Each structure stands twice: as structure tokens, then as C-alpha cells.
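Worksheet: one structure, shown below.
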Amino acid sequence: MSNMTNKLENAGGDLTARALREAFYAGLISLGLFFLFVGLKSDQNILNELILVQRWGLLAVFVIVAAVGRFFVVAYLQPLNARRKASKDAAATTETREGYIKRNFTVIAGVLLILYPILAVALFGVQGSLKWVDNFGIQILIYVMLAWGLNIVVGLAGLLDLGYVAFYAVGAYSYALLSSHFGLSFWLLLPIAGLLAACWGVVLGFPVLRLRGDYLAIVTLAFGEIIRLVLINWTEVTKGTFGVSGIAKASVFGIWSFDISAPNNFAKYFDLPMSSAYYKIFLFYLILALAALTAYVTIRLRRMPIGRAWEALREDEIACRSLGINTVTTKLTAFATGAMFGGFAGSFFAVRQGFVSPESFVFLESAVILAIVVLGGMGSLTGIAIAAVVMIGGTEILRELTFLKSIFGPDFTPELYRMLIFGLAMVVVMVWKPRGFVGSREPTAFLNERKAVSGSFTKEGHG
Amino acid sequence: MSGPLLQVKSVETYYGNIRALGGVDVEVNSGEIVCLIGANGAGKSTLMMTICGSPQARAGSVIFEGQDITRMPTHEIARLRIAQSPEGRRIFPRMTVFENLQMGASLDNLKYFDEDVEKIFTLFPRLKERQMQRGGTLSGGEQQMLSIGRALMARPKLLLLDEPSLGLAPLIVKGIFEAIKKLNKEQGLTVFLVEQNAFGALKLSDRGYVMVNGQVTMSGSGKELLANPEVRSAYLEGGRH
């Protein structure tokens with residue numbers, strides 16, 4: 001017995017020593033790594049000469065964070081995880097019921113989203129709610145919708161598309177140009193923008209029908225860039241890098257307008273004080289409805305022959321063909337459907353910004369949308385929504401962290417570290433959950449459903 | 001209808017410039033089990049794939065029910081009710097057994113699904129037990145059953161089986177061969193079978209073809225071929241069974 005405690009104590013001492021050793025190495029590595037990145041900075045002085053600014057304090061912060069972090073991971077986090085895993089393995093057999101929140105996740109999330117603007121107004125006032133509804137709510141929901149749209153192409157049909165932002169751009173410019181040239185309303189142009197984007201989806205689909213995986217990714221990447229370059233260079237129509245501005249706002253189905261001069265202005269009609277917050281709240285519900293439509297269509301399609309064919313196509317193209325599935329039309333419908341939702345999101349983007357320019361449709365956008373799909377778990381709507389909240393919400397939160405300026409100096413802009421944190425988060429998630437937040441695929445056909453069918457199976461004309 | 005169900009006439013198939021099939025003639029009559037045996041790389045699977053139109057034959061013709069299908073795309077050939085259990089089984093690994101069977105029935109848009117799935121579950125009771133399991137988590141034998149079951153869901157007139165015994169334990173192979181025999185006897189299903197397991201395949205079949213280097217060198221009834229000394233020395237002896 002005493003032998004055993006001895007051993008344990010020994011192990012404890014070993015652990016601390018090991019943690020200290022690893023912390024030292026981590027500090028050393030980060031010193032080497034950040035010496036040139038952080039410790040030294042080239043800058044220009046007033047005479048336009050290049051000078052080296054030394055930032056040893058900041059470098060020290062980096063090194064200390066790395067060393068202390070490593071110490072905590074080795075000394076506390078790893079043993080804790082090991083213990084938790086051991087106890088989880090022991091408890092795995094008993095734990096079968098899912099928690100209440102997990103079971104009713106969709107309903108709870110939906111109700112929360114509908115109440116969200118009301119809560120924001122109640123807590124921060126009409127003007128104060130702007131930031132929460134617009135920067136967080138609308139911004140995140142746009143990406144949720146885009147990622148759900150891309151999920152049809154990448155997650156369901158398994159066609160890796162790196163140029164999804166092209167369809168977003170087509171949707172945005174369709175609305176911007178058609179509305180400013182012909183004065184058509186948003187509600188008319190929304191389906192048109194979707195259709196046009198779907199057409200471009202087919203146009204992209206045709207040449208890449210025979211490609212898969214890496215090759216497909218490269219061609220779609222090029223396609224995204226082609227659309228952007230056309231938008232930049234076709235100046236007579238798109239006004240090039242200046243972009244299209246003064247895009248008309250959407251109205252509540254033509255009943256109330258949000259134009260200040262219009263007689264049926266929303267705020268005037270209800271005798272409310274003038275504020276742009278009402279328009280943003282309206283836009284929030286609009287994008288919520290659009291995203292919900294995307295989710296609904298995806299869920300429905302997965303249970304229909306075409307959705308099943310998409311998933312089968314992702315699994316095995318040759319087997320699909322030998323089962324009589326026309327892989328050409330299956331792929332094209334996947335591209336078109338995904339592109340259509342990108343187009344819807346694009347025209348919403350144009351309406352929200354009131355201004356579109358090619359700068360909004362760079363490759364980085366495609367990469368972010370794809371990252372959301374992959375992080376969320378390909379094919380899982382819930383996982384993708386969570387990933388969008390984390391990634392886009394995270395970016396917005398970074399903007400809010402102004403107090404960091406008092407620590408790192410007035411030049412510190414937290415947004416600039418966005419990509420660093422993205423990369424880090426991605427590595428962590430992929431190590432920890434390689435198939436994304438929600439990695440398991442929900443079957444579309446269920447045993448009990450089938451049983452219900454077999455029950456009435458003896459009756460003629462059933463099933 | 002007069003004439004054979006499937007007729008392969010002096011078919012030549014190439015992979016690039018390499019000739020894999022050099023003028024193959026094979027006939028399958030309605031209600032028969034016909035097998036094609038041969039060594040590795042003889043072109044057995046290539047013939048199977050050529051019948052399905054991928055790759056397409058460069059010369060010769062494939063005729064099914066009197067219709068020339070040589071230049072048809074694979075999915076349209078499948079719609080003529082030629083079902084295939086391809087080499088390596090090729091089930092959909094992330095979809096459940098049930099969904100895999102649904103995919104098999106997509107030609108009729110699940111019209112006869114409930115009826116047919118019961119038949120498959122009677123034929124392969126193991127699949128019924130595993131119906132909510134993902135295809136990729138099945139054992140090799142179960143995957144083979146699923147592959148055959150999925151092909152049968154299309155209500156085929158002709159079933160093409162490419163090496164159903166590949167990588168399976170002898171007892172399971174026996175079970176699968178028995179299932180094929182049963183389908184043929186009870187439902188009159190026409191089966192064209194490619195096998196390396198020559199003994200089992202020839203015993204099962206009404207007729208057989210022997211393929212060497214992309215050409216059919218011998219043909220005859222299953223019994224004749226089993227008794228043939230050349231076939232015996234090349235494919236049956238040397239410890240096999």
C-alpha cells in the first residue's frame with residue numbers, strides 16, 4: 001500500500017518536472033518563432049526612412065503565454081482529460097438518453113432567433129439594438145444561409161466547390177443592376193437572382209462534370225476568380241471597382257417602405273421615431289426566413305430521390321451509374337440548387353448593404369464559407385449553424401475587444417488576428433473532432449417509419 | 001422472344017492503347033446461370049464493365065433483348081433492367097443498409113420497394129438485422145449480400161455478378177451461391193457470373209466460358225467444363241477446395 005502511494009507521489013513529481021521542461025521548450029520555440037515576427041517590426045519614420053522598431057515587451061508576452069499555457073496543458077489539462085476519458089468509458093454503457101436541450105435543439109434555436117431582435121430592443125433600446133441585430137444577427141445568418149447552400153454541393157453531393165462566392169456575387173449584382181436600371185422591386189428580383197445564379201451553377205457544372213476532388217476544386221476556384229475579374233473589368237455594366245451604389249431598399253411586401261421620403265414609410269406609418277433599426281430588424285427576419293427556407297428545402301430534398309442520389313453520388317459515382325442514376329443531371333441539379341441559395345443570399349446582401357463591389361466577393365469569402373461547412377461537419381445543418389455562429393460571431397466579438405488596446409498599446413487591432421485565430425481554431429477542431437462539430441450523418445429512412453408502412457402493407461395501394 | 005437475352009459479339013475493348021478484350025463472343029439465354037472463369041487479368045471484369053458501357057467497346061456489339069446497347073451510357077443500360085453487383089461490391093458506406101436498398105429501387109422510384117425489400121430480407125435475413133447499420137460497418141459477406149440485394153431491388157432481367165466470392169470465407173461463399181441458385185430456380189432470374197472460384201461457379205452454372213488473355217478459349221456446360229482436363233489442371237487443381 002505504502003509502495004503504491006509512493007509511486008503516485010513520484011508520478012506527481014515527474015509530472016511537474018515534465019510540465020516545466022515542456023513549458024521551457026514551448027517558450028524557447030515561441031521565442032525563436034516570434035523573434036522576427038513580433039520582436040522586430042520595420043516601420044517608416046517621419047523622414048520616410050525605414051527603421052526597426054523593437055517590441056521586446058510584446059515578445060515577452062507571447063513567450064510567457066506559450067510557456068505558461070504549455071505548463072497548464074501538461075500539468076493539469078492532460079491528466080484531467082485522461083481521467084475524464086476513463087470515467088466516461090466506464091459510464092458509456094449507462095448513458096443513453098440525450099439531454100432535453102439536445103433533443104429539442106431546433107425548436108429552441110428557432111424560438112430564440114425569432115425573439116432575438118425583440119430582446120435586443122428591450123435590453124439596449126431601439127438605437128442600441130442596431131449593433132446586435134445587424135452586426136451579429138444578420139451577419140451570422142447570411143453566412144449560415146451561404147454555408148447551408150454550399151452544404152448541398154459539398155456536404156451532400158460531395159463536389160468540392162471553392163468558388164461558391166461567384167454565385168453570391170451573381171445574386172448580388174443581379175439585384176443591384178436590375179433594380180437600379182429597371183426599378184424592379186426586391187420581391188420580384190429575389191427569385192430572378194436565384195434563377196440567374198442557378199443558371200451560372202449549370203454553366204459551371206457542365207465543364208466540370210468529369211472532374212472530382214482536387215481537380216474540381218481548382219476549376220471551381222478559377223470560376224470564382226473569373227466572375228470577380230469580369231465584375232472588375234466590365235466597367236460599362238458593373239462600374240468596375242467603384243461598385244454599384246444607391247441600391248433600393250426592400251419593402252415589407254410593398255405595403256410599408258423604408259425609404260425616408262416615401263409616404264408609406266414604416267416609422268411614419270406607426271408614428272415611431274425615425275431610426276434605421278426598424279429596417280435592420282425587418283432584414284433580420286427576412287434573412288431568417290431565407291435561411292429557414294434553405295434548411296427546409298435541404299431536409300425535404302434529402303428524403304426525396306434526388307437528395308438520395310446526391311448522397312449516393314458522394315459515396316460512389318460508379319455504383320450510382322450502375323443503378324441507373326444519371327450522374328450528369330444529378331450533379332447539375334446539385335450545382336444549380338446550391339447556386340440558387342447563394343443567389344438568394346447575394347441579393348439579400350445587396351439589399352442590406354445598399355452597395356456592391358467586387359471586393360466583397362474575393363476568394364477569402366469562399367474559403368470562410370467552406371471552412372464553416374467543414375468545421376460544422378459536412379451535411380449537418382445544426383453543426384454548420386454552430387460553426388457559423390462561432391466563426392462569424394467570433395470575428396465580430398474581436399472588433400468589440402477594445403480593452404485589449406490598454407494592454408497591447410493603441411496600435412493593437414484585434415481583428416487583424418482573425419486569421420491567426422481561425423487557423424488555430426481549425427487545427428484544434430480538426431484534431432479534436434475530425435469530422436466537424438456534428439460528424440455523424442442522420443439516416444433519412446427510419447426503422448419505425450418502415451414498420452408503419454409494413455403494417456398497412458397488406459392493403460392494396462399503400463406504401 | 002427468340003434468340004438469347006444477352007449477346008456479346010466479337011467485342012474488343014481497350015484501355016488507352018492496351019487491348020483488354022480481343023473479340024469476345026458470349027451468349028446468355030433467358031433463365032440461365034452462365035459463368036465466366038479465368039485467371040487474374042484475363043479480362044473477365046472488363047467484359048462485365050463493357051456490357052455496362054463503361055468502358056465502351058471499340059469494336060463489336062453488345063445486344064440485349066435484340067437492342068444494340070454498345071454505345072449507350074451506363075445509366076441507360078441499367079434502366080433496361082441489367083443490374084450489376086460490381087467488383088469490390090461498391091456499396092454506399094455512409095448510408096444505412098436500408099438506404100442502400102432504397103438506392104437500388106430508384107429506377108421505379110420506390111414503387112415496389114416494400115414488397116421487394118421483404119423478399120431481400122427473406123433471402124438474406126442478416127440484412128434485416130443490420131438494416132439501420134451503415135453499409136461501411138458491415139462484414140465482407142454482409143456487404144456482398146447488400147450489393148446483390150441492392151442490384152435485385154431494381155427488378156432486373158439480367159443480373160451481373162462480378163466475383164461475389166472475393167475475399168469471403170468458404171462457408172459464406174457457399175451461402176451466397178445458394179442464394180443465387182435459389183433466385184434462379186424460384187424467380188427464373190438470369191445470372192451472368194464472373195468468378196475466380198472456378199469450382200463453385202461451374203457447379204452452380206448451366207453453362208460456362210473460360211477466358212484467357214482477353215479471349216474466350218473454351219465454353220460448354222458447367223459439367224463438361226468441370227470434367228475437362230485442361231480446365232481441371234489450370235483452375236481446379238493445386239489444392240483449391
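Lettering and numbering for the C-alpha cells are positional, with chains as A, B, ... in the shown order, residues counted from 1 in each chain, and ligands counted from 1 in the shown order.
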Residues of chain B within 8 Å of chain A, only C-alpha atoms counted, as an mmCIF file with N, CA and C atoms, in the first residue's frame:
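What follows is the written file out_23.cif:
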data_model
loop_
_atom_site.group_PDB
_atom_site.id
_atom_site.type_symbol
_atom_site.label_atom_id
_atom_site.label_comp_id
_atom_site.auth_asym_id
_atom_site.auth_seq_id
_atom_site.Cartn_x
_atom_site.Cartn_y
_atom_site.Cartn_z
ATOM 1 N N CYS B 52 -21.843 -3.147 -69.398
ATOM 2 C CA CYS B 52 -22.486 -1.988 -68.762
ATOM 3 C C CYS B 52 -22.101 -0.662 -69.404
ATOM 4 N N THR B 74 -24.014 4.212 -69.332
ATOM 5 C CA THR B 74 -24.225 3.190 -68.296
ATOM 6 C C THR B 74 -25.597 3.278 -67.642
ATOM 7 N N HIS B 75 -26.025 4.504 -67.289
ATOM 8 C CA HIS B 75 -27.273 4.570 -66.531
ATOM 9 C C HIS B 75 -28.470 4.171 -67.380
ATOM 10 N N GLU B 76 -28.364 4.378 -68.714
ATOM 11 C CA GLU B 76 -29.488 3.940 -69.555
ATOM 12 C C GLU B 76 -29.499 2.434 -69.728
ATOM 13 N N ILE B 77 -28.303 1.844 -69.744
ATOM 14 C CA ILE B 77 -28.235 0.380 -69.796
ATOM 15 C C ILE B 77 -28.866 -0.193 -68.527
ATOM 16 N N ALA B 78 -28.565 0.438 -67.390
ATOM 17 C CA ALA B 78 -29.153 -0.026 -66.132
ATOM 18 C C ALA B 78 -30.670 0.067 -66.185
ATOM 19 N N ARG B 79 -31.189 1.080 -66.889
ATOM 20 C CA ARG B 79 -32.641 1.252 -66.958
ATOM 21 C C ARG B 79 -33.328 0.177 -67.800
ATOM 22 N N ALA B 83 -28.936 -5.305 -63.981
ATOM 23 C CA ALA B 83 -28.408 -4.858 -62.693
ATOM 24 C C ALA B 83 -27.053 -5.489 -62.465
ATOM 25 N N GLN B 84 -26.234 -4.756 -61.734
ATOM 26 C CA GLN B 84 -24.866 -5.219 -61.577
ATOM 27 C C GLN B 84 -24.466 -5.148 -60.112
ATOM 28 N N PRO B 86 -21.093 -4.831 -58.721
ATOM 29 C CA PRO B 86 -19.768 -4.665 -59.319
ATOM 30 C C PRO B 86 -18.645 -5.258 -58.479
ATOM 31 N N ARG B 90 -18.822 -2.144 -53.917
ATOM 32 C CA ARG B 90 -19.228 -0.754 -54.123
ATOM 33 C C ARG B 90 -20.576 -0.393 -53.510
ATOM 34 N N ILE B 91 -20.777 -0.775 -52.271
ATOM 35 C CA ILE B 91 -21.968 -0.288 -51.574
ATOM 36 C C ILE B 91 -21.704 1.139 -51.118
ATOM 37 N N PHE B 92 -22.739 1.838 -50.657
ATOM 38 C CA PHE B 92 -22.553 3.214 -50.194
ATOM 39 C C PHE B 92 -22.209 3.176 -48.702
ATOM 40 N N PRO B 93 -20.956 3.407 -48.326
ATOM 41 C CA PRO B 93 -20.528 3.090 -46.963
ATOM 42 C C PRO B 93 -21.161 3.934 -45.867
ATOM 43 N N ARG B 94 -21.475 5.197 -46.149
ATOM 44 C CA ARG B 94 -22.015 6.038 -45.070
ATOM 45 C C ARG B 94 -23.532 5.988 -44.995
ATOM 46 N N MET B 95 -24.143 5.328 -45.964
ATOM 47 C CA MET B 95 -25.598 5.216 -45.918
ATOM 48 C C MET B 95 -25.962 3.887 -45.250
ATOM 49 N N THR B 96 -27.145 3.858 -44.641
ATOM 50 C CA THR B 96 -27.539 2.626 -43.957
ATOM 51 C C THR B 96 -27.887 1.547 -44.977
ATOM 52 N N PHE B 98 -30.591 0.026 -45.208
ATOM 53 C CA PHE B 98 -31.917 0.346 -45.715
ATOM 54 C C PHE B 98 -31.848 1.364 -46.855
ATOM 55 N N GLU B 99 -31.043 2.399 -46.646
ATOM 56 C CA GLU B 99 -30.911 3.429 -47.681
ATOM 57 C C GLU B 99 -30.217 2.883 -48.923
ATOM 58 N N MET B 103 -31.680 2.966 -52.696
ATOM 59 C CA MET B 103 -30.978 3.417 -53.901
ATOM 60 C C MET B 103 -31.157 2.407 -55.030
ATOM 61 N N GLY B 104 -31.149 1.113 -54.662
ATOM 62 C CA GLY B 104 -31.330 0.083 -55.683
ATOM 63 C C GLY B 104 -32.679 0.182 -56.354
ATOM 64 N N SER B 106 -34.311 2.860 -57.049
ATOM 65 C CA SER B 106 -34.613 4.212 -57.536
ATOM 66 C C SER B 106 -35.132 4.219 -58.976
ATOM 67 N N LEU B 107 -34.945 3.121 -59.715
ATOM 68 C CA LEU B 107 -35.465 3.093 -61.089
ATOM 69 C C LEU B 107 -36.977 3.224 -61.126
ATOM 70 N N ASN B 109 -38.633 4.432 -58.641
ATOM 71 C CA ASN B 109 -38.979 5.445 -57.656
ATOM 72 C C ASN B 109 -39.680 4.834 -56.444
ATOM 73 N N LYS B 111 -41.527 2.319 -56.093
ATOM 74 C CA LYS B 111 -42.913 1.871 -56.250
ATOM 75 C C LYS B 111 -43.127 0.489 -55.638
ATOM 76 N N ASP B 114 -41.543 -1.769 -50.780
ATOM 77 C CA ASP B 114 -41.920 -2.537 -49.594
ATOM 78 C C ASP B 114 -42.015 -4.019 -49.883
ATOM 79 N N GLN B 131 -30.364 -3.587 -40.778
ATOM 80 C CA GLN B 131 -30.871 -2.584 -41.721
ATOM 81 C C GLN B 131 -30.573 -1.137 -41.345
ATOM 82 N N MET B 132 -30.416 -0.831 -40.045
ATOM 83 C CA MET B 132 -30.122 0.553 -39.686
ATOM 84 C C MET B 132 -28.628 0.813 -39.512
ATOM 85 N N ALA B 151 -28.767 -4.741 -56.076
ATOM 86 C CA ALA B 151 -28.959 -4.972 -57.512
ATOM 87 C C ALA B 151 -30.334 -5.582 -57.777
ATOM 88 N N ALA B 154 -33.688 -3.510 -58.176
ATOM 89 C CA ALA B 154 -34.041 -2.874 -59.446
ATOM 90 C C ALA B 154 -34.917 -3.781 -60.306
#
Please list as a list in words every residue within 7 Å of Ser61 of chain B, counting only C-alpha atoms and excluding residues in the same chain fewer than 6 positions away.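 Surrounding residues, per the criterion: Val8, Lys9, Ser10, Val11, Asp68 and Thr70 of chain B.
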Discussion item. Would you pick out the contacts of Ala57 of chain B at 9 Å or less, using only C-alpha atoms, so that residues sharing its chain but fewer than 3 positions from it are not included, and give the list as a ChimeraX atom specification?
Written reply: /B:11-14,21,50-51,53-54,60-62,70-71
TODO: Enumerate the residues of segment 80-198 of chain B with a DSSP assignment of strand (DSSP E or B), computed from the backbone, and present them as a list in words.
DONE: Ile82, Ala83, Gln84, Ser85, Thr96, Arg134, Leu158, Leu159, Leu160, Leu161, Asp162, Thr190, Val191, Phe192, Leu193, Val194 and Glu195 of chain B
Taking the chain letters and numbering used in this document, name the residues of segment 234-290 of chain A that DSSP puts in helix (DSSP H, G or I), as a ChimeraX atom specification. /A:235-238,240-242,266-269,277-290
Exercise. So how many Å separate atom CA of Leu36 of chain A and atom CA of Leu420 of chain A, to one decimal?
Worked result: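 Atom-to-atom, atom CA of Leu36 of chain A and atom CA of Leu420 of chain A are spaced 16.5 Å apart.
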Can you write out as JSON lines which residues of segment 319-397 of chain A fall within 12 Å of segment 258-279 of chain A, alongside each residue's closest atom pair and its distance in Å to one decimal, counting only C-alpha atoms and ordering rows by chain and ascending residue number?
{"residue": "A:Val351", "atom": "CA", "partner": "A:Tyr279", "partner_atom": "CA", "distance": 10.7}
{"residue": "A:Arg352", "atom": "CA", "partner": "A:Tyr279", "partner_atom": "CA", "distance": 9.1}
{"residue": "A:Gln353", "atom": "CA", "partner": "A:Tyr279", "partner_atom": "CA", "distance": 11.7}
Store the residues picked out above, limited to N, CA and C atoms, as a short mmCIF file (atom, residue, chain, number, x, y, z; two decimals), in the first residue's frame.
data_model
loop_
_atom_site.label_atom_id
_atom_site.label_comp_id
_atom_site.auth_asym_id
_atom_site.auth_seq_id
_atom_site.Cartn_x
_atom_site.Cartn_y
_atom_site.Cartn_z
N VAL A 351 -29.24 44.15 -50.87
CA VAL A 351 -30.29 44.94 -50.25
C VAL A 351 -29.85 45.47 -48.90
N ARG A 352 -29.09 44.67 -48.20
CA ARG A 352 -28.67 45.06 -46.85
C ARG A 352 -27.61 46.15 -46.92
N GLN A 353 -26.60 45.96 -47.80
CA GLN A 353 -25.51 46.92 -47.86
C GLN A 353 -25.90 48.20 -48.58
#
Of B:Glu87, B:Thr46, B:Gly23, B:Val34, the one sitting nearest Ala59 of chain B when using only C-alpha atoms is B:Gly23
Check your understanding: Nearest to Leu364 of chain A: which of A:Ala295, A:Leu77, A:Met419, A:Met145 is it, counting only C-alpha atoms?
Key ->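 That would be A:Met419, the residue with the smallest distance to Leu364 of chain A.
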### Task
Could you tell me which of B:Glu178, B:Glu163, B:Asp108, B:Asp116 comes closest to Ser45 of chain B if we count only C-alpha atoms?
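That would be B:Glu163, the residue with the smallest distance to Ser45 of chain B.
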So that I can see what lies close to segment 57-72 of chain A, please list as a list of chain:residue names the residues with an atom at most 6 Å from it, counting only C-alpha atoms and leaving out residues fewer than 3 positions away in the same chain.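 So, after excluding close chain neighbours, the residues are A:Ala19, A:Ala23, A:Ala26, A:Gly27, A:Ser30, A:Leu31, A:Val38, A:Gly39, A:Ala75, A:Tyr76.
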Preceding selection exported with C-alpha atoms as a CSV table (one decimal), in the first residue's frame:
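Below you can see out_31.csv, which holds the result:
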chain,number,residue,atom,x,y,z
A,19,ALA,CA,5.4,20.1,-17.4
A,23,ALA,CA,7.0,24.7,-20.8
A,26,ALA,CA,7.5,25.8,-25.7
A,27,GLY,CA,8.8,29.2,-24.6
A,30,SER,CA,7.9,30.6,-29.5
A,31,LEU,CA,10.9,32.9,-28.8
A,38,VAL,CA,6.8,40.2,-33.1
A,39,GLY,CA,10.0,41.3,-31.6
A,75,ALA,CA,0.3,19.6,-15.7
A,76,TYR,CA,-3.5,19.9,-15.4
### Message
Env of Thr298 of chain A: 10 Å cut, atoms = only C-alpha atoms, seq-sep filter 5 positions within chain, self excluded. Answer as a list of chain:residue names.
### Response
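So, after excluding close chain neighbours, the residues are A:Trp148, A:Gly149, A:Asn151, A:Ile152, A:Leu156, A:Ala292, A:Leu293, A:Arg303, A:Met304, A:Gly307, A:Thr337, A:Gly338, A:Gly379, A:Leu381.
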Practice prompt. Determine, counting only C-alpha atoms, which protein, DNA and RNA residues have an atom within 10 Å of an atom of Met426 of chain A; residues of the same chain fewer than 3 positions away are not included. Present the result as a PyMOL selection string.
Written response: chain A and resi 371-372+374-375+391+420-423+429-432+434+436
Within 6 Å of segment 37-39 of chain B, counting only C-alpha atoms, which residues show up once you throw out same-chain ones fewer than 2 positions away? Write them as a PDB file with N, CA and C atoms, in the first residue's frame, please.
ATOM      1  N   ALA B  42      -7.374 -11.704 -66.898  1.00  0.00           N
ATOM      2  CA  ALA B  42      -7.775 -12.310 -68.163  1.00  0.00           C
ATOM      3  C   ALA B  42      -8.755 -11.420 -68.910  1.00  0.00           C
ATOM      4  N   GLU B 195     -16.199 -15.251 -62.079  1.00  0.00           N
ATOM      5  CA  GLU B 195     -15.625 -15.849 -60.871  1.00  0.00           C
ATOM      6  C   GLU B 195     -14.197 -16.299 -61.064  1.00  0.00           C
ATOM      7  N   GLN B 196     -13.442 -16.237 -59.976  1.00  0.00           N
ATOM      8  CA  GLN B 196     -12.144 -16.905 -59.945  1.00  0.00           C
ATOM      9  C   GLN B 196     -12.275 -18.246 -59.266  1.00  0.00           C
ATOM     10  N   ALA B 198     -13.422 -21.167 -59.583  1.00  0.00           N
ATOM     11  CA  ALA B 198     -13.945 -21.870 -60.746  1.00  0.00           C
ATOM     12  C   ALA B 198     -14.817 -23.048 -60.347  1.00  0.00           C
ATOM     13  N   VAL B 210     -14.494 -19.981 -70.494  1.00  0.00           N
ATOM     14  CA  VAL B 210     -13.171 -19.823 -69.907  1.00  0.00           C
ATOM     15  C   VAL B 210     -12.444 -18.735 -70.672  1.00  0.00           C
ATOM     16  N   MET B 211     -11.895 -17.775 -69.952  1.00  0.00           N
ATOM     17  CA  MET B 211     -11.257 -16.655 -70.620  1.00  0.00           C
ATOM     18  C   MET B 211      -9.762 -16.644 -70.316  1.00  0.00           C
TER      19      MET B 211
END
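Counting only C-alpha atoms and comparing B:Ile63, B:Leu158, B:Ile176, B:Val117, the residue that lies closest to Gly3 of chain B is B:Ile63.
Between Glu65 of chain B and the residues B:Glu224, B:Glu32, B:Glu142, B:Glu27, the shortest atom-to-atom distance, using only C-alpha atoms, involves B:Glu27.
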Taken to one decimal, the atom CA of Lys280 of chain A-atom CA of Ile138 of chain A distance is 8.1 Å
